[in-house]
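Q: Just input27.cif, nothing more (mmCIF, C-alpha atoms):
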data_data
#
loop_
_atom_site.label_atom_id
_atom_site.label_comp_id
_atom_site.auth_asym_id
_atom_site.auth_seq_id
_atom_site.Cartn_x
_atom_site.Cartn_y
_atom_site.Cartn_z
CA MET U 1 172.67 -25.26 -131.96
CA ALA U 2 169.08 -25.51 -130.67
CA GLU U 3 168.70 -21.73 -131.08
CA ASN U 4 169.80 -22.05 -134.72
CA ASP U 5 167.34 -24.96 -135.16
CA GLY U 6 164.49 -22.74 -133.93
CA LEU U 7 165.55 -19.99 -136.29
CA LEU U 8 165.80 -22.41 -139.20
CA ALA U 9 162.34 -23.81 -138.44
CA ALA U 10 160.87 -20.28 -138.39
CA VAL U 11 162.60 -19.34 -141.66
CA GLN U 12 161.40 -22.56 -143.32
CA ALA U 13 157.85 -21.88 -142.05
CA ALA U 14 157.99 -18.38 -143.53
CA LEU U 15 159.25 -19.88 -146.78
CA ARG U 16 156.31 -22.32 -146.84
CA ALA U 17 153.95 -19.42 -146.22
CA GLU U 18 155.45 -17.44 -149.08
CA HIS U 19 155.18 -20.43 -151.43
CA ALA U 20 151.49 -20.69 -150.51
CA ALA U 21 151.01 -16.93 -150.88
CA VAL U 22 152.48 -16.94 -154.37
CA TYR U 23 150.11 -19.74 -155.34
CA GLY U 24 147.17 -18.02 -153.68
CA TYR U 25 147.80 -14.74 -155.43
CA GLY U 26 147.72 -16.61 -158.72
CA VAL U 27 144.13 -17.51 -157.86
CA VAL U 28 143.37 -13.99 -156.60
CA GLY U 29 144.72 -12.44 -159.80
CA GLY U 30 142.51 -14.66 -161.92
CA ARG U 31 139.32 -13.77 -160.03
CA ILE U 32 139.78 -10.21 -158.79
CA ARG U 33 137.99 -7.37 -160.58
CA GLU U 34 139.94 -5.24 -163.04
CA GLY U 35 140.26 -2.29 -160.64
CA ARG U 36 142.21 -4.35 -158.09
CA ARG U 37 144.40 -6.41 -160.41
CA SER U 38 147.40 -4.11 -160.03
CA GLU U 39 147.12 -4.46 -156.24
CA ALA U 40 147.04 -8.25 -156.59
CA ARG U 41 150.02 -8.17 -158.96
CA ALA U 42 152.02 -5.99 -156.58
CA ALA U 43 151.32 -8.37 -153.68
CA TYR U 44 152.24 -11.35 -155.86
CA ASP U 45 155.56 -9.69 -156.71
CA VAL U 46 156.29 -8.90 -153.04
CA HIS U 47 155.63 -12.50 -152.02
CA ARG U 48 157.83 -13.85 -154.82
CA ALA U 49 160.67 -11.57 -153.74
CA ARG U 50 160.29 -12.55 -150.07
CA ARG U 51 160.17 -16.23 -151.06
CA ASP U 52 163.45 -15.82 -152.90
CA GLU U 53 165.02 -13.98 -149.93
CA LEU U 54 163.93 -16.77 -147.61
CA ARG U 55 165.43 -19.41 -149.89
CA ARG U 56 168.75 -17.61 -149.59
CA ALA U 57 168.33 -17.31 -145.81
CA VAL U 58 167.76 -21.06 -145.47
CA ARG U 59 170.89 -21.74 -147.51
CA ASP U 60 172.83 -19.25 -145.36
CA LEU U 61 171.73 -21.28 -142.33
CA GLY U 62 173.25 -24.36 -143.94
CA ALA U 63 170.02 -26.11 -144.94
CA LYS U 64 168.10 -26.93 -148.08
CA PRO U 65 165.11 -24.66 -148.74
CA GLU U 66 161.76 -26.42 -148.76
CA GLU U 67 160.21 -26.59 -152.19
CA SER U 68 156.79 -25.37 -153.16
CA ALA U 69 153.97 -27.89 -153.25
CA GLY U 70 152.51 -28.69 -156.65
CA ALA U 71 149.17 -27.29 -155.55
CA TYR U 72 147.57 -25.85 -152.42
CA ALA U 73 144.11 -26.31 -150.96
CA LEU U 74 142.10 -23.12 -150.87
CA PRO U 75 140.39 -22.39 -147.53
CA PHE U 76 137.08 -21.73 -149.33
CA PRO U 77 135.75 -21.55 -152.90
CA VAL U 78 136.87 -18.50 -154.88
CA PRO U 79 134.28 -18.04 -157.64
CA ASP U 80 134.33 -14.24 -157.87
CA SER U 81 136.09 -10.98 -157.04
CA ALA U 82 134.64 -10.68 -153.53
CA ALA U 83 135.88 -14.15 -152.62
CA ALA U 84 139.26 -13.34 -154.19
CA ALA U 85 139.59 -10.29 -151.94
CA ARG U 86 138.68 -12.44 -148.89
CA LEU U 87 141.32 -14.98 -149.96
CA ALA U 88 143.94 -12.23 -150.28
CA ALA U 89 143.12 -10.94 -146.78
CA ASP U 90 143.27 -14.49 -145.41
CA ILE U 91 146.64 -15.11 -147.05
CA GLU U 92 148.04 -11.89 -145.59
CA ASP U 93 146.69 -12.68 -142.12
CA LYS U 94 148.39 -16.08 -142.18
CA VAL U 95 151.63 -14.68 -143.58
CA ALA U 96 151.66 -12.06 -140.81
CA GLY U 97 151.29 -14.84 -138.24
CA VAL U 98 154.23 -16.76 -139.63
CA TYR U 99 156.38 -13.63 -139.67
CA SER U 100 155.46 -12.98 -136.03
CA ASP U 101 157.05 -16.37 -135.30
CA LEU U 102 160.13 -15.35 -137.24
CA VAL U 103 160.36 -12.06 -135.32
CA ARG U 104 160.39 -14.04 -132.06
CA ALA U 105 162.99 -16.52 -133.34
CA SER U 106 165.45 -14.05 -134.84
CA SER U 107 167.55 -11.01 -134.04
CA GLY U 108 169.31 -8.15 -135.77
CA ASP U 109 168.68 -7.51 -139.44
CA ARG U 110 166.69 -10.71 -139.87
CA ARG U 111 164.35 -9.67 -137.06
CA ARG U 112 163.90 -6.20 -138.58
CA GLY U 113 163.16 -7.77 -141.95
CA ALA U 114 160.60 -10.14 -140.42
CA ALA U 115 158.97 -7.24 -138.57
CA ASP U 116 158.80 -5.29 -141.84
CA ALA U 117 157.23 -8.29 -143.60
CA LEU U 118 154.69 -8.69 -140.78
CA ARG U 119 153.76 -5.00 -140.95
CA GLU U 120 153.45 -5.05 -144.74
CA ALA U 121 151.27 -8.17 -144.66
CA ALA U 122 149.03 -6.58 -142.02
CA VAL U 123 148.63 -3.45 -144.14
CA ARG U 124 147.77 -5.52 -147.22
CA ALA U 125 145.23 -7.52 -145.18
CA VAL U 126 143.55 -4.30 -144.05
CA ARG U 127 143.38 -3.06 -147.63
CA TRP U 128 141.89 -6.31 -148.88
CA ARG U 129 139.48 -6.65 -145.98
CA GLY U 130 138.61 -3.00 -145.52
CA GLY U 131 139.24 -3.28 -141.76
CA SER U 132 141.92 -4.24 -139.28
CA VAL U 133 142.56 -6.48 -136.30
CA ALA U 134 144.01 -5.41 -132.94
CA PHE U 135 147.30 -7.33 -133.10
CA PRO U 136 148.20 -8.38 -136.66
CA GLY U 137 150.07 -11.65 -136.71
CA LEU U 138 148.96 -12.60 -133.21
CA THR U 139 145.16 -12.51 -133.01
CA GLU U 140 144.78 -14.71 -136.07
CA ARG U 141 147.15 -17.27 -134.57
CA ALA U 142 144.82 -18.14 -131.69
CA ALA U 143 142.56 -20.13 -134.01
CA VAL U 144 145.19 -21.89 -136.12
CA PRO U 145 147.87 -24.52 -135.45
CA SER U 146 151.53 -23.57 -135.42
CA ALA U 147 152.88 -22.12 -138.63
CA SER U 148 155.71 -24.59 -138.45
CA ALA U 149 153.27 -27.44 -139.04
CA SER U 150 153.65 -28.94 -142.45
CA GLY U 151 150.92 -29.11 -145.02
CA SER U 152 149.94 -27.79 -148.39
CA SER U 153 147.42 -25.06 -147.83
CA VAL U 154 147.15 -21.58 -149.32
CA ALA U 155 146.31 -20.36 -145.87
CA PRO U 156 149.60 -21.19 -144.11
CA GLY U 157 149.04 -22.94 -140.83
CA THR U 158 145.57 -24.24 -141.69
#
Hey, can you dump this file as structure tokens for me?

A:
Amino acid sequence: MAENDGLLAAVQAALRAEHAAVYGYGVVGGRIREGRRSEARAAYDVHRARRDELRRAVRDLGAKPEESAGAYALPFPVPDSAAAARLAADIEDKVAGVYSDLVRASSGDRRRGAADALREAAVRAVRWRGGSVAFPGLTERAAVPSASASGSSVAPGT
């Protein structure tokens, strides 16, 4: 049962991260320049779909999915398009970190799905940032508390 508890905790943490990402992309979409709005919209849609998948996964594990917070604290002010792009990269870095936890906690199809989500988040972060990190989902984790920590932040784990 402890193994299932670890898996459930990792799935719930990923769900919290996706709730925060959906909220964060609402901010990004409102501030990003016209030329990048379709990119923001596509990321928003991906995070909504993953959030919904994770809700089902939590139910399949016999638990109640955690609900979204009413609002999330932004990690920094987002007054313009440049800040919106930084926020999007930050969101994707944090989401990648949470999915790295889910990769470690799961197996089979769920593990493959988490690895795909980690990879996709890392690619989006590179696009938003214009550069990459050595180990997406791991390097960023060194400076932040565990993704399974609770809190209402757009940058999951902060």

Q: Can you spell out as an NGL selection string the set of residues that the PyMOL selection byres ((chain U and resi 28) around 8) selects in the structure I just provided?

A: :U and (24-27 or 29-32 or 40 or 81 or 84-85 or 87-88)

Q: For U:Asp116, work out the shell of residues within 12 Å, counting only C-alpha atoms and skipping chain neighbours fewer than 3 positions away, then give it as a PyMOL selection string.

A: chain U and resi 50+95-96+99-100+102-103+109-113+119-123+137

Q: Would you export the selected residues with C-alpha atoms as a PDB file, keeping the file's coordinate frame, please?

A:
ATOM      1  CA  ARG U  50     160.290 -12.550-150.070  1.00  0.00           C
ATOM      2  CA  VAL U  95     151.630 -14.680-143.580  1.00  0.00           C
ATOM      3  CA  ALA U  96     151.660 -12.060-140.810  1.00  0.00           C
ATOM      4  CA  TYR U  99     156.380 -13.630-139.670  1.00  0.00           C
ATOM      5  CA  SER U 100     155.460 -12.980-136.030  1.00  0.00           C
ATOM      6  CA  LEU U 102     160.130 -15.350-137.240  1.00  0.00           C
ATOM      7  CA  VAL U 103     160.360 -12.060-135.320  1.00  0.00           C
ATOM      8  CA  ASP U 109     168.680  -7.510-139.440  1.00  0.00           C
ATOM      9  CA  ARG U 110     166.690 -10.710-139.870  1.00  0.00           C
ATOM     10  CA  ARG U 111     164.350  -9.670-137.060  1.00  0.00           C
ATOM     11  CA  ARG U 112     163.900  -6.200-138.580  1.00  0.00           C
ATOM     12  CA  GLY U 113     163.160  -7.770-141.950  1.00  0.00           C
ATOM     13  CA  ARG U 119     153.760  -5.000-140.950  1.00  0.00           C
ATOM     14  CA  GLU U 120     153.450  -5.050-144.740  1.00  0.00           C
ATOM     15  CA  ALA U 121     151.270  -8.170-144.660  1.00  0.00           C
ATOM     16  CA  ALA U 122     149.030  -6.580-142.020  1.00  0.00           C
ATOM     17  CA  VAL U 123     148.630  -3.450-144.140  1.00  0.00           C
ATOM     18  CA  GLY U 137     150.070 -11.650-136.710  1.00  0.00           C
TER      19      GLY U 137
END

Q: State, in Å with one decimal place, the distance from atom CA of U:Arg129 to atom CA of U:Arg86.

A: 6.5 Å

Q: So how far away is atom CA of U:Ala63 from atom CA of U:Ala43, in Å?

A: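 Going from atom CA of U:Ala43 over to atom CA of U:Ala63 covers 27.2 Å.
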
Q: Which residues, named as in the file, does the PyMOL selection byres ((chain U and resi 52) around 12) pick out? Answer as a list in words.

A: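 In the shown coordinates, the PyMOL selection byres ((chain U and resi 52) around 12) covers Val11, Gln12, Ala14, Leu15, Arg16, Glu18, His19, Val22, Asp45, Val46, His47, Arg48, Ala49, Arg50, Arg51, Glu53, Leu54, Arg55, Arg56, Ala57, Val58, Arg59, Pro65, Glu66, Glu67 and Ser68 of chain U.
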
Q: Just the number, please: distance in Å from atom CA of U:Lys94 to atom CA of U:Ala9, one decimal.

A: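 Calculated distance between atom CA of U:Lys94 and atom CA of U:Ala9 is 16.4 Å.
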
Q: Which neighbours of U:Ala89 fall inside 8 Å, counting all atoms listed in the file, when residues of the same chain fewer than 5 positions from it are skipped, and could you give them as a PyMOL selection string?

A: chain U and resi 124-129

Q: What's around U:Leu7 at 9 Å? Count only C-alpha atoms, leave out sequence neighbours fewer than 5 positions away in its own chain, and write the answer as an MDAnalysis selection string.

A: chainID U and resid 2 12 61 102 104:106

Q: Could you give me the centre and size, in Å to one decimal, of an axis-aligned box around all listed atoms of stretch 59-70 of chain U with 4 Å added on every side, as lines of an AutoDock Vina configuration file?

A:
center_x = 162.9
center_y = -24.0
center_z = -149.5
size_x = 28.7
size_y = 17.4
size_z = 22.3

Q: Between U:Ala21, U:Ala10, U:Ala83, U:Ala115, single out the one closest to U:Arg41, counting all atoms listed in the file.

A: U:Ala21

Q: Would you mind putting back N, CA and C atoms on stretch 71-92 of chain U, then writing it out as an mmCIF file, in the coordinates of the input?

A:
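Wrote result-v7.cif, looks like this:
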data_model
loop_
_atom_site.group_PDB
_atom_site.id
_atom_site.type_symbol
_atom_site.label_atom_id
_atom_site.label_comp_id
_atom_site.auth_asym_id
_atom_site.auth_seq_id
_atom_site.Cartn_x
_atom_site.Cartn_y
_atom_site.Cartn_z
ATOM 1 N N ALA U 71 150.435 -28.002 -155.648
ATOM 2 C CA ALA U 71 149.170 -27.290 -155.550
ATOM 3 C C ALA U 71 148.849 -27.085 -154.074
ATOM 4 N N TYR U 72 147.970 -26.163 -153.792
ATOM 5 C CA TYR U 72 147.570 -25.850 -152.420
ATOM 6 C C TYR U 72 146.051 -25.857 -152.328
ATOM 7 N N ALA U 73 145.553 -26.310 -151.199
ATOM 8 C CA ALA U 73 144.110 -26.310 -150.960
ATOM 9 C C ALA U 73 143.674 -24.898 -150.576
ATOM 10 N N LEU U 74 142.650 -24.414 -151.224
ATOM 11 C CA LEU U 74 142.100 -23.120 -150.870
ATOM 12 C C LEU U 74 141.216 -23.271 -149.630
ATOM 13 N N PRO U 75 141.187 -22.274 -148.755
ATOM 14 C CA PRO U 75 140.390 -22.390 -147.530
ATOM 15 C C PRO U 75 138.884 -22.313 -147.770
ATOM 16 N N PHE U 76 138.488 -21.843 -148.955
ATOM 17 C CA PHE U 76 137.080 -21.730 -149.330
ATOM 18 C C PHE U 76 137.021 -21.535 -150.849
ATOM 19 N N PRO U 77 135.874 -21.764 -151.455
ATOM 20 C CA PRO U 77 135.750 -21.550 -152.900
ATOM 21 C C PRO U 77 135.989 -20.077 -153.266
ATOM 22 N N VAL U 78 136.569 -19.860 -154.425
ATOM 23 C CA VAL U 78 136.870 -18.500 -154.880
ATOM 24 C C VAL U 78 136.266 -18.311 -156.281
ATOM 25 N N PRO U 79 134.939 -18.139 -156.334
ATOM 26 C CA PRO U 79 134.280 -18.040 -157.640
ATOM 27 C C PRO U 79 134.233 -16.633 -158.219
ATOM 28 N N ASP U 80 134.527 -15.605 -157.398
ATOM 29 C CA ASP U 80 134.330 -14.240 -157.870
ATOM 30 C C ASP U 80 135.310 -13.274 -157.193
ATOM 31 N N SER U 81 135.179 -12.001 -157.546
ATOM 32 C CA SER U 81 136.090 -10.980 -157.040
ATOM 33 C C SER U 81 135.991 -10.800 -155.529
ATOM 34 N N ALA U 82 134.795 -10.845 -154.980
ATOM 35 C CA ALA U 82 134.640 -10.680 -153.530
ATOM 36 C C ALA U 82 135.351 -11.803 -152.780
ATOM 37 N N ALA U 83 135.203 -13.015 -153.256
ATOM 38 C CA ALA U 83 135.880 -14.150 -152.620
ATOM 39 C C ALA U 83 137.391 -14.038 -152.814
ATOM 40 N N ALA U 84 137.824 -13.529 -153.953
ATOM 41 C CA ALA U 84 139.260 -13.340 -154.190
ATOM 42 C C ALA U 84 139.842 -12.339 -153.195
ATOM 43 N N ALA U 85 139.120 -11.277 -152.919
ATOM 44 C CA ALA U 85 139.590 -10.290 -151.940
ATOM 45 C C ALA U 85 139.639 -10.917 -150.543
ATOM 46 N N ARG U 86 138.651 -11.742 -150.197
ATOM 47 C CA ARG U 86 138.680 -12.440 -148.890
ATOM 48 C C ARG U 86 139.873 -13.377 -148.824
ATOM 49 N N LEU U 87 140.165 -14.079 -149.931
ATOM 50 C CA LEU U 87 141.320 -14.980 -149.960
ATOM 51 C C LEU U 87 142.606 -14.184 -149.763
ATOM 52 N N ALA U 88 142.734 -13.051 -150.431
ATOM 53 C CA ALA U 88 143.940 -12.230 -150.280
ATOM 54 C C ALA U 88 144.110 -11.785 -148.826
ATOM 55 N N ALA U 89 143.036 -11.351 -148.192
ATOM 56 C CA ALA U 89 143.120 -10.940 -146.780
ATOM 57 C C ALA U 89 143.514 -12.115 -145.904
ATOM 58 N N ASP U 90 142.944 -13.286 -146.178
ATOM 59 C CA ASP U 90 143.270 -14.490 -145.410
ATOM 60 C C ASP U 90 144.745 -14.866 -145.572
ATOM 61 N N ILE U 91 145.222 -14.814 -146.786
ATOM 62 C CA ILE U 91 146.640 -15.110 -147.050
ATOM 63 C C ILE U 91 147.514 -14.162 -146.235
ATOM 64 N N GLU U 92 147.208 -12.879 -146.290
ATOM 65 C CA GLU U 92 148.040 -11.890 -145.590
ATOM 66 C C GLU U 92 147.973 -12.071 -144.075
#
